[in-house]
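Here is query07.cif, consisting of mmCIF, C-alpha atoms and all ligand atoms:
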data_input
#
loop_
_atom_site.label_atom_id
_atom_site.label_comp_id
_atom_site.auth_asym_id
_atom_site.auth_seq_id
_atom_site.Cartn_x
_atom_site.Cartn_y
_atom_site.Cartn_z
CA MET A 20 180.83 41.11 87.21
CA SER A 21 182.53 37.75 87.64
CA THR A 22 181.22 35.32 84.97
CA THR A 23 181.42 32.11 87.01
CA PRO A 24 178.04 31.84 88.74
CA LEU A 25 177.73 30.97 92.39
CA LEU A 26 174.88 28.69 93.43
CA PHE A 27 173.48 28.66 96.97
CA SER A 28 170.69 26.56 98.42
CA GLY A 29 168.14 26.98 101.18
CA SER A 30 166.92 23.95 103.10
CA SER A 31 163.71 23.17 101.21
CA ASN A 32 165.09 21.11 98.33
CA PRO A 33 168.81 20.45 98.90
CA GLN A 34 168.78 17.34 96.74
CA LEU A 35 167.64 19.26 93.67
CA ALA A 36 170.14 22.08 94.37
CA GLU A 37 172.95 19.51 94.55
CA ALA A 38 171.76 17.93 91.30
CA ILE A 39 171.73 21.32 89.54
CA ALA A 40 175.22 22.13 90.86
CA LYS A 41 176.50 18.75 89.71
CA ARG A 42 175.20 19.36 86.18
CA MET A 43 176.77 22.82 86.19
CA LYS A 44 180.02 21.17 87.31
CA ILE A 45 180.33 23.47 90.32
CA SER A 46 179.96 22.99 94.09
CA LEU A 47 177.17 24.59 96.08
CA GLY A 48 178.17 27.82 97.80
CA ASP A 49 178.97 27.69 101.50
CA ALA A 50 176.04 29.04 103.51
CA LEU A 51 174.76 28.38 107.00
CA VAL A 52 170.98 27.95 106.88
CA THR A 53 169.61 27.08 110.28
CA LYS A 54 167.58 28.45 113.21
CA PHE A 55 168.38 30.24 116.42
CA LYS A 56 167.15 28.61 119.61
CA ASN A 57 164.18 30.98 119.54
CA GLU A 58 163.12 29.49 116.14
CA GLU A 59 164.09 32.56 114.11
CA THR A 60 165.87 31.73 110.86
CA ARG A 61 169.64 32.17 110.94
CA ILE A 62 171.58 32.72 107.71
CA GLU A 63 175.30 33.23 107.17
CA ILE A 64 176.96 33.34 103.74
CA ARG A 65 180.37 31.86 104.40
CA GLU A 66 182.26 32.81 101.27
CA ASN A 67 183.03 35.96 99.33
CA VAL A 68 180.29 36.95 96.85
CA ARG A 69 181.47 40.48 96.05
CA GLY A 70 180.77 41.28 92.39
CA ALA A 71 179.43 37.78 91.73
CA GLU A 72 176.51 36.49 89.67
CA VAL A 73 174.57 34.59 92.35
CA PHE A 74 171.72 32.08 92.10
CA VAL A 75 169.75 30.91 95.15
CA VAL A 76 167.78 27.68 94.79
CA GLN A 77 164.75 27.41 97.04
CA SER A 78 161.32 25.90 96.42
CA ILE A 79 158.64 27.45 98.63
CA CYS A 80 157.55 24.15 100.14
CA LYS A 81 158.04 21.87 103.13
CA ALA A 82 161.63 20.76 103.67
CA PRO A 83 163.16 17.36 104.45
CA ASN A 84 164.47 18.80 107.76
CA GLY A 85 160.91 19.43 108.96
CA ASN A 86 160.80 23.15 108.12
CA GLY A 87 157.48 24.43 106.80
CA VAL A 88 156.47 26.42 103.73
CA ASN A 89 156.81 29.76 105.53
CA ASP A 90 160.29 28.85 106.79
CA ALA A 91 161.30 28.27 103.16
CA LEU A 92 160.09 31.72 102.20
CA VAL A 93 161.83 33.47 105.11
CA GLU A 94 165.08 31.58 104.45
CA LEU A 95 164.98 32.73 100.85
CA LEU A 96 164.34 36.36 101.78
CA LEU A 97 167.11 36.41 104.38
CA MET A 98 169.56 34.76 101.98
CA ILE A 99 168.81 37.42 99.36
CA ASP A 100 169.31 40.15 101.94
CA ALA A 101 172.61 38.67 103.13
CA LEU A 102 173.88 38.34 99.55
CA ARG A 103 172.86 41.88 98.63
CA ARG A 104 174.57 43.32 101.71
CA ALA A 105 177.65 41.27 100.82
CA SER A 106 177.83 43.10 97.45
CA ALA A 107 176.73 40.32 95.08
CA ALA A 108 176.43 41.92 91.63
CA ARG A 109 173.20 40.22 90.58
CA ILE A 110 170.94 37.92 92.61
CA THR A 111 168.67 35.49 90.78
CA VAL A 112 166.24 33.38 92.77
CA VAL A 113 165.64 29.92 91.38
CA VAL A 114 162.26 28.91 92.76
CA PRO A 115 161.41 25.54 91.19
CA TYR A 116 158.03 25.57 92.99
CA TYR A 117 156.56 29.04 93.59
CA GLY A 118 154.46 28.59 96.73
CA TYR A 119 151.31 30.63 97.39
CA ALA A 120 150.76 30.68 93.60
CA LYS A 121 147.18 29.44 93.88
CA GLN A 122 146.24 32.60 95.74
CA ASP A 123 146.77 34.76 92.66
CA LYS A 124 143.45 36.64 92.81
CA LYS A 125 140.66 37.42 95.23
CA THR A 126 137.95 34.79 94.96
CA LYS A 127 135.89 36.41 97.69
CA PRO A 128 135.98 39.70 99.61
CA ARG A 129 138.75 40.40 102.12
CA GLU A 130 141.18 37.75 100.85
CA PRO A 131 144.87 38.50 100.21
CA ILE A 132 146.57 38.07 96.85
CA SER A 133 149.36 36.04 98.41
CA ALA A 134 151.25 35.34 95.18
CA LYS A 135 151.68 39.11 94.76
CA VAL A 136 152.87 39.49 98.35
CA VAL A 137 155.58 36.88 97.70
CA ALA A 138 156.58 38.74 94.52
CA ASN A 139 156.79 42.05 96.43
CA LEU A 140 158.94 40.48 99.14
CA LEU A 141 161.36 38.93 96.64
CA LYS A 142 161.70 42.19 94.73
CA THR A 143 162.04 44.40 97.82
CA THR A 144 164.77 42.26 99.32
CA GLY A 145 167.00 42.57 96.26
CA THR A 146 166.09 39.91 93.69
CA LYS A 147 167.04 40.98 90.18
CA ARG A 148 165.64 37.97 88.29
CA VAL A 149 163.38 34.98 88.98
CA VAL A 150 163.69 31.53 87.46
CA THR A 151 160.77 29.26 88.19
CA MET A 152 158.85 26.39 86.62
CA ASP A 153 155.26 25.89 85.52
CA LEU A 154 153.74 28.73 87.51
CA HIS A 155 150.18 27.90 88.50
CA ALA A 156 149.09 30.87 86.37
CA ALA A 157 151.52 32.35 83.86
CA GLN A 158 150.12 35.82 84.66
CA ILE A 159 152.00 35.71 87.99
CA GLN A 160 154.99 36.85 85.89
CA GLY A 161 153.19 40.19 85.72
CA PHE A 162 153.42 40.54 89.52
CA PHE A 163 157.12 41.26 88.95
CA ASP A 164 158.77 44.18 87.17
CA ILE A 165 161.98 42.20 86.84
CA PRO A 166 162.69 39.36 84.36
CA VAL A 167 160.93 36.06 85.14
CA ASP A 168 161.85 32.86 83.32
CA ASN A 169 158.96 30.44 83.68
CA LEU A 170 160.55 27.12 82.65
CA MET A 171 158.56 24.07 81.63
CA ALA A 172 158.83 20.47 82.80
CA MET A 173 156.96 19.45 79.64
CA PRO A 174 159.99 18.24 77.62
CA THR A 175 161.21 16.01 80.46
CA LEU A 176 157.73 14.63 81.13
CA CYS A 177 156.96 14.07 77.43
CA ASN A 178 160.26 12.34 76.81
CA TYR A 179 159.46 9.93 79.63
CA LEU A 180 155.94 9.30 78.34
CA LYS A 181 157.27 8.64 74.83
CA ARG A 182 159.87 6.24 76.14
CA GLU A 183 157.10 4.40 77.97
CA GLY A 184 155.10 4.14 74.74
CA LEU A 185 152.52 6.66 75.96
CA SER A 186 152.21 8.72 72.78
CA ASP A 187 150.44 9.04 69.42
CA ASP A 188 146.86 7.90 68.86
CA ARG A 189 147.03 5.26 71.62
CA ILE A 190 146.59 8.02 74.16
CA VAL A 191 144.41 10.99 74.89
CA VAL A 192 145.85 13.86 76.93
CA VAL A 193 143.32 15.18 79.45
CA SER A 194 143.30 18.50 81.26
CA PRO A 195 141.39 18.01 84.53
CA ASP A 196 140.03 21.56 84.38
CA ALA A 197 139.64 24.57 82.10
CA GLY A 198 142.67 26.31 83.63
CA GLY A 199 145.03 23.58 82.43
CA VAL A 200 143.91 23.41 78.80
CA HIS A 201 146.84 25.34 77.36
CA ARG A 202 149.33 23.10 79.16
CA ALA A 203 147.51 19.93 78.04
CA GLU A 204 147.43 21.21 74.44
CA LEU A 205 151.22 21.55 74.46
CA PHE A 206 151.55 17.96 75.68
CA ALA A 207 149.04 16.67 73.09
CA LYS A 208 150.91 18.45 70.30
CA ARG A 209 154.23 17.06 71.37
CA LEU A 210 152.85 13.54 71.89
CA ASN A 211 150.81 13.60 68.64
CA SER A 212 147.70 12.71 70.56
CA SER A 213 144.14 13.93 70.97
CA LEU A 214 142.87 16.17 73.77
CA ALA A 215 140.01 16.01 76.27
CA ILE A 216 138.99 18.43 79.02
CA GLY A 217 137.41 17.89 82.41
CA PHE A 218 134.92 20.17 84.11
CA LYS A 219 135.95 20.70 87.71
CA ARG A 220 134.26 22.56 90.49
CA ARG A 221 135.45 23.25 94.00
CA PRO A 222 132.58 23.28 96.49
CA GLN A 223 135.14 24.38 99.12
CA PRO A 224 138.92 24.87 99.32
CA ASP A 225 140.88 21.62 98.82
CA VAL A 226 137.76 19.68 97.74
CA SER A 227 137.14 19.02 94.05
CA GLU A 228 134.49 17.40 91.87
CA VAL A 229 134.95 16.53 88.19
CA THR A 230 131.48 16.62 86.69
CA ASP A 231 132.07 15.96 82.99
CA ILE A 232 134.69 15.18 80.35
CA VAL A 233 134.56 16.82 76.93
CA GLY A 234 136.31 14.79 74.22
CA ASP A 235 136.61 11.12 73.38
CA VAL A 236 138.42 8.94 75.91
CA ASN A 237 136.67 5.67 75.13
CA GLY A 238 139.12 2.82 74.40
CA LYS A 239 142.14 5.05 74.92
CA ILE A 240 144.91 5.29 77.46
CA ALA A 241 144.35 8.60 79.23
CA VAL A 242 147.22 10.79 80.45
CA ILE A 243 145.99 13.55 82.75
CA VAL A 244 148.29 16.56 82.80
CA ASP A 245 148.28 19.05 85.70
CA ASP A 246 150.64 21.62 87.15
CA MET A 247 150.47 20.38 90.73
CA ILE A 248 149.13 17.68 92.99
CA SER A 249 148.08 18.95 96.39
CA THR A 250 145.44 16.76 98.08
CA GLY A 251 145.27 14.47 95.03
CA GLY A 252 141.50 15.02 94.82
CA THR A 253 141.53 16.59 91.35
CA LEU A 254 143.44 13.74 89.73
CA ALA A 255 141.62 10.96 91.59
CA LYS A 256 138.20 12.40 90.67
CA ALA A 257 139.18 13.12 87.06
CA ALA A 258 140.56 9.59 86.69
CA GLU A 259 137.28 8.10 87.94
CA ALA A 260 135.27 10.16 85.47
CA ILE A 261 137.60 9.20 82.60
CA LYS A 262 137.48 5.50 83.48
CA ALA A 263 133.70 5.64 83.69
CA ARG A 264 133.71 6.94 80.09
CA GLY A 265 135.62 3.93 78.79
CA ALA A 266 139.34 4.75 79.04
CA THR A 267 141.41 1.55 79.26
CA SER A 268 143.83 3.01 81.81
CA VAL A 269 144.70 6.35 83.38
CA HIS A 270 148.17 7.78 84.02
CA THR A 271 148.91 11.21 85.45
CA VAL A 272 151.75 13.68 85.08
CA ALA A 273 152.25 16.84 87.13
CA THR A 274 155.21 19.14 87.60
CA HIS A 275 154.85 19.76 91.33
CA GLY A 276 154.10 16.89 93.71
CA LEU A 277 153.12 18.60 96.95
CA PHE A 278 151.30 15.51 98.23
CA ALA A 279 149.55 17.41 101.02
CA ASP A 280 147.56 15.75 103.76
CA ASN A 281 146.79 12.12 102.76
CA ALA A 282 147.32 12.66 99.02
CA ILE A 283 149.64 9.66 98.67
CA GLU A 284 146.94 7.41 100.14
CA VAL A 285 144.19 8.99 98.00
CA LEU A 286 146.20 8.43 94.82
CA ALA A 287 147.44 4.98 95.86
CA ASN A 288 143.82 3.89 96.33
CA SER A 289 142.61 5.53 93.12
CA VAL A 290 142.14 4.01 89.66
CA ILE A 291 145.28 5.82 88.47
CA GLU A 292 148.05 3.46 87.31
CA ARG A 293 151.02 5.78 87.45
CA VAL A 294 151.59 9.13 89.18
CA ILE A 295 154.52 10.90 87.54
CA VAL A 296 155.95 14.10 89.06
CA THR A 297 159.25 16.01 88.97
CA ASP A 298 161.64 16.83 91.79
CA THR A 299 160.73 20.52 92.12
CA ILE A 300 159.44 19.45 95.55
CA PRO A 301 161.01 16.65 97.61
CA ILE A 302 158.73 13.71 98.35
CA LEU A 303 158.82 13.44 102.12
CA GLN A 304 156.98 10.20 102.76
CA PRO A 305 157.09 6.64 101.42
CA ALA A 306 155.04 6.54 98.23
CA GLY A 307 155.26 3.17 96.49
CA GLU A 308 155.77 1.85 92.99
CA LYS A 309 152.89 3.77 91.43
CA PHE A 310 154.83 7.02 92.03
CA ILE A 311 157.61 8.06 89.69
CA GLN A 312 159.77 11.15 90.13
CA LEU A 313 161.81 12.61 87.26
CA SER A 314 164.56 15.14 87.81
CA ILE A 315 164.35 18.51 86.09
CA ALA A 316 167.82 19.49 87.35
CA GLN A 317 169.20 19.54 83.81
CA THR A 318 166.58 22.06 82.69
CA PHE A 319 167.50 24.42 85.54
CA ALA A 320 171.23 23.92 84.94
CA ASP A 321 170.74 24.70 81.23
CA ALA A 322 168.65 27.80 82.01
CA ILE A 323 171.20 29.11 84.52
CA GLY A 324 174.00 28.54 81.99
CA ARG A 325 172.08 30.48 79.34
CA ILE A 326 171.24 33.36 81.72
CA THR A 327 174.87 33.65 82.75
CA THR A 328 176.02 33.83 79.13
CA ASN A 329 173.11 35.99 77.89
CA ARG A 330 171.72 33.32 75.58
CA SER A 331 168.05 32.60 74.89
CA VAL A 332 166.23 30.56 77.56
CA SER A 333 163.08 30.05 75.48
CA GLU A 334 165.08 28.07 72.92
CA LEU A 335 165.21 25.32 75.55
CA PHE A 336 161.50 24.72 74.98
CA SER A 337 160.93 25.21 71.29
CA VAL A 338 159.28 22.03 70.02
CA GLU A 339 161.43 21.98 66.88
CA GLU A 340 164.74 22.50 68.67
CA ILE A 341 164.54 19.86 71.38
CA LYS A 342 165.92 16.46 70.62
CA LEU A 343 163.77 13.67 72.00
CA ASP A 344 166.15 12.57 74.70
CA ALA A 345 167.90 15.86 75.38
CA ASN A 346 166.32 16.29 78.79
CA PHE A 347 165.76 12.74 79.79
CA VAL A 348 167.07 11.33 83.02
CA GLU A 349 166.28 8.08 84.76
CA PRO A 350 163.39 8.23 87.22
CA ILE A 351 164.22 8.63 90.89
CA THR A 352 162.87 5.64 92.76
CA VAL A 353 160.10 6.60 95.17
CA SER A 354 159.51 3.87 97.73
C1 LIG B 401 144.17 23.74 90.12
O1 LIG B 401 143.82 24.73 89.50
C2 LIG B 401 145.49 23.09 89.94
O2 LIG B 401 145.90 23.13 88.60
C3 LIG B 401 145.47 21.66 90.42
O3 LIG B 401 144.49 20.94 89.68
C4 LIG B 401 145.12 21.60 91.88
O4 LIG B 401 145.91 22.50 92.59
C5 LIG B 401 145.30 20.22 92.45
O5 LIG B 401 144.91 20.25 93.78
P1 LIG B 401 144.38 18.95 94.51
O6 LIG B 401 145.40 17.88 94.30
O7 LIG B 401 144.23 19.36 95.95
O8 LIG B 401 143.06 18.61 93.91
#
Starting from the coordinates I provided, produce the structure as structure tokens.
Ligand code: R5P
Amino acid sequence: MSTTPLLFSGSSNPQLAEAIAKRMKISLGDALVTKFKNEETRIEIRENVRGAEVFVVQSICKAPNGNGVNDALVELLLMIDALRRASAARITVVVPYYGYAKQDKKTKPREPISAKVVANLLKTTGTKRVVTMDLHAAQIQGFFDIPVDNLMAMPTLCNYLKREGLSDDRIVVVSPDAGGVHRAELFAKRLNSSLAIGFKRRPQPDVSEVTDIVGDVNGKIAVIVDDMISTGGTLAKAAEAIKARGATSVHTVATHGLFADNAIEVLANSVIERVIVTDTIPILQPAGEKFIQLSIAQTFADAIGRITTNRSVSELFSVEEIKLDANFVEPITVS
């Protein structure tokens, strides 16, 4: 197998794919990713991939060109198929945001487990390895029988918070719900801060209520940590509850900024001071100064480099190993 990796991109997050390629000091592979007049997805790999180690970057999310979440998935599947039929030696999908992840179990009768369906499709089409980031539930790795590297945005986000003076006993890290406690614990450990937990309930899909906060937030700067922002309801409600319990200010960090529906407006009008996300998903509408986007391109470039050379990927995230500024990049302006 050729040792120089080839990197291709679908249309959902071309900016991130370019940024990863730049850090790997390579150019993106030449692929046509478009639609036929009848709206079916049209893919053409326009360079030789025979015997190559190939990576395809595609978040399963809405694209800057107007394509929807399902288009992103179909593009990815067809690209894998094209690469496999063109004799690529190993195909790794780099899915910075794994869409459909929230549907990882049946919550009522006759629902699909959509995250498993996505896993089946990726595997069946020819994927040999998955690289993703902050899966909604780490157990989704078990939906695959191939290697899955679930990277973390935590070092990048923590480095930014530290640089902004949001660390140590000035702050309390808050998980907005029970499901996010492990993630929040990792942040609290790295930031040398205390931890609080919100109690969230969802009376219906996409509607959330935060009923209580366990832990002391009084007189502290609160940093709410979540994996994703969809409608913004969880963070806005958690921030209100935290403020009502005496926090001096509330900042939020999340890996995936989906900003569905009117989330930008909800968060802009909330008590939250800063909304910090990464670029796993492109921000497709004007957001304003409250919104800060950090690039995790370096983390993906490092992981791809390590996979290609058979070195440990987990070393990238060991608290002891990482130097404070190793993953830091300037925020992308969101206006
Ligand atoms: C829920 O389990 C997730 O970790 C997020 O809290 C949730 O997806 C955020 O959704 P929304 O922004 O719509 O409240």
Next item on the list: Using only C-alpha atoms, determine which residues lie at most 7 Å from range 52-54 of chain A, disregarding the query and same-chain residues fewer than 6 positions distant; provide the list as an NGL selection string.
Entry: :A and (29-30 or 60-63)
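In this model, the gap between CA of Leu286 in chain A and CA of Glu204 in chain A comes to 24.1 Å.
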Next item on the list: Considering all atoms listed in the file, state which residue in the set A:Val294, A:Leu210, A:Ala107, A:Val192 is at the smallest distance from Ile64 in chain A.
Entry: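 The shortest atom-to-atom distance to Ile64 in chain A comes from A:Ala107.
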Check: What separation in Å, quoted to one decimal, exists between CA of Ile302 in chain A and CA of Val229 in chain A?
Finding: 26.0 Å
Margin query: Can you measure CA of Ser78 in chain A to CA of Leu92 in chain A for me? One decimal in Å is fine.
Written below: 8.3 Å
Check: Closest to Phe206 in chain A among A:Leu170, A:Leu180, A:Ala255, A:Ile291, using all atoms listed in the file?
Finding: A:Leu180
What are the closest atom pairs, with distances in Å to one decimal, for each residue of chain A lying within 8 Å of ligand LIG 401 (chain B), using all atoms listed in the file, rows by chain and rising residue number, as a Markdown table?
| residue | atom | partner | partner_atom | distance |
| --- | --- | --- | --- | --- |
| A:Lys121 | CA | B:LIG401 | O4 | 7.2 |
| A:His155 | CA | B:LIG401 | O2 | 6.4 |
| A:Pro195 | CA | B:LIG401 | O3 | 6.7 |
| A:Asp196 | CA | B:LIG401 | O3 | 7.0 |
| A:Gly198 | CA | B:LIG401 | O1 | 6.2 |
| A:Gly199 | CA | B:LIG401 | O2 | 6.2 |
| A:Asp225 | CA | B:LIG401 | O7 | 5.0 |
| A:Val226 | CA | B:LIG401 | O8 | 6.6 |
| A:Ser227 | CA | B:LIG401 | O8 | 5.9 |
| A:Asp245 | CA | B:LIG401 | O2 | 5.5 |
| A:Asp246 | CA | B:LIG401 | O2 | 5.2 |
| A:Met247 | CA | B:LIG401 | C3 | 5.2 |
| A:Ile248 | CA | B:LIG401 | O6 | 4.0 |
| A:Ser249 | CA | B:LIG401 | O6 | 3.6 |
| A:Thr250 | CA | B:LIG401 | O7 | 3.6 |
| A:Gly251 | CA | B:LIG401 | O6 | 3.5 |
| A:Gly252 | CA | B:LIG401 | O8 | 4.0 |
| A:Thr253 | CA | B:LIG401 | O8 | 3.6 |
| A:Leu254 | CA | B:LIG401 | O8 | 6.4 |
| A:Phe278 | CA | B:LIG401 | O6 | 7.5 |
| A:Ala279 | CA | B:LIG401 | O7 | 7.6 |
| A:Ala282 | CA | B:LIG401 | O6 | 7.3 |
Can I get the selection written as a PDB file, in the coordinates of the input, with C-alpha atoms?
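Wrote selection-v2.pdb, looks like this:
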ATOM      1  CA  LYS A 121     147.180  29.440  93.880  1.00  0.00           C
ATOM      2  CA  HIS A 155     150.180  27.900  88.500  1.00  0.00           C
ATOM      3  CA  PRO A 195     141.390  18.010  84.530  1.00  0.00           C
ATOM      4  CA  ASP A 196     140.030  21.560  84.380  1.00  0.00           C
ATOM      5  CA  GLY A 198     142.670  26.310  83.630  1.00  0.00           C
ATOM      6  CA  GLY A 199     145.030  23.580  82.430  1.00  0.00           C
ATOM      7  CA  ASP A 225     140.880  21.620  98.820  1.00  0.00           C
ATOM      8  CA  VAL A 226     137.760  19.680  97.740  1.00  0.00           C
ATOM      9  CA  SER A 227     137.140  19.020  94.050  1.00  0.00           C
ATOM     10  CA  ASP A 245     148.280  19.050  85.700  1.00  0.00           C
ATOM     11  CA  ASP A 246     150.640  21.620  87.150  1.00  0.00           C
ATOM     12  CA  MET A 247     150.470  20.380  90.730  1.00  0.00           C
ATOM     13  CA  ILE A 248     149.130  17.680  92.990  1.00  0.00           C
ATOM     14  CA  SER A 249     148.080  18.950  96.390  1.00  0.00           C
ATOM     15  CA  THR A 250     145.440  16.760  98.080  1.00  0.00           C
ATOM     16  CA  GLY A 251     145.270  14.470  95.030  1.00  0.00           C
ATOM     17  CA  GLY A 252     141.500  15.020  94.820  1.00  0.00           C
ATOM     18  CA  THR A 253     141.530  16.590  91.350  1.00  0.00           C
ATOM     19  CA  LEU A 254     143.440  13.740  89.730  1.00  0.00           C
ATOM     20  CA  PHE A 278     151.300  15.510  98.230  1.00  0.00           C
ATOM     21  CA  ALA A 279     149.550  17.410 101.020  1.00  0.00           C
ATOM     22  CA  ALA A 282     147.320  12.660  99.020  1.00  0.00           C
TER      23      ALA A 282
END
Check: Got a sec: who's within 8 Å of range 212-215 of chain A, counting all atoms listed in the file, leaving out chain neighbours fewer than 5 positions off, as an MDAnalysis selection string?
Finding: chainID A and resid 186:194 203:204 207 232:236
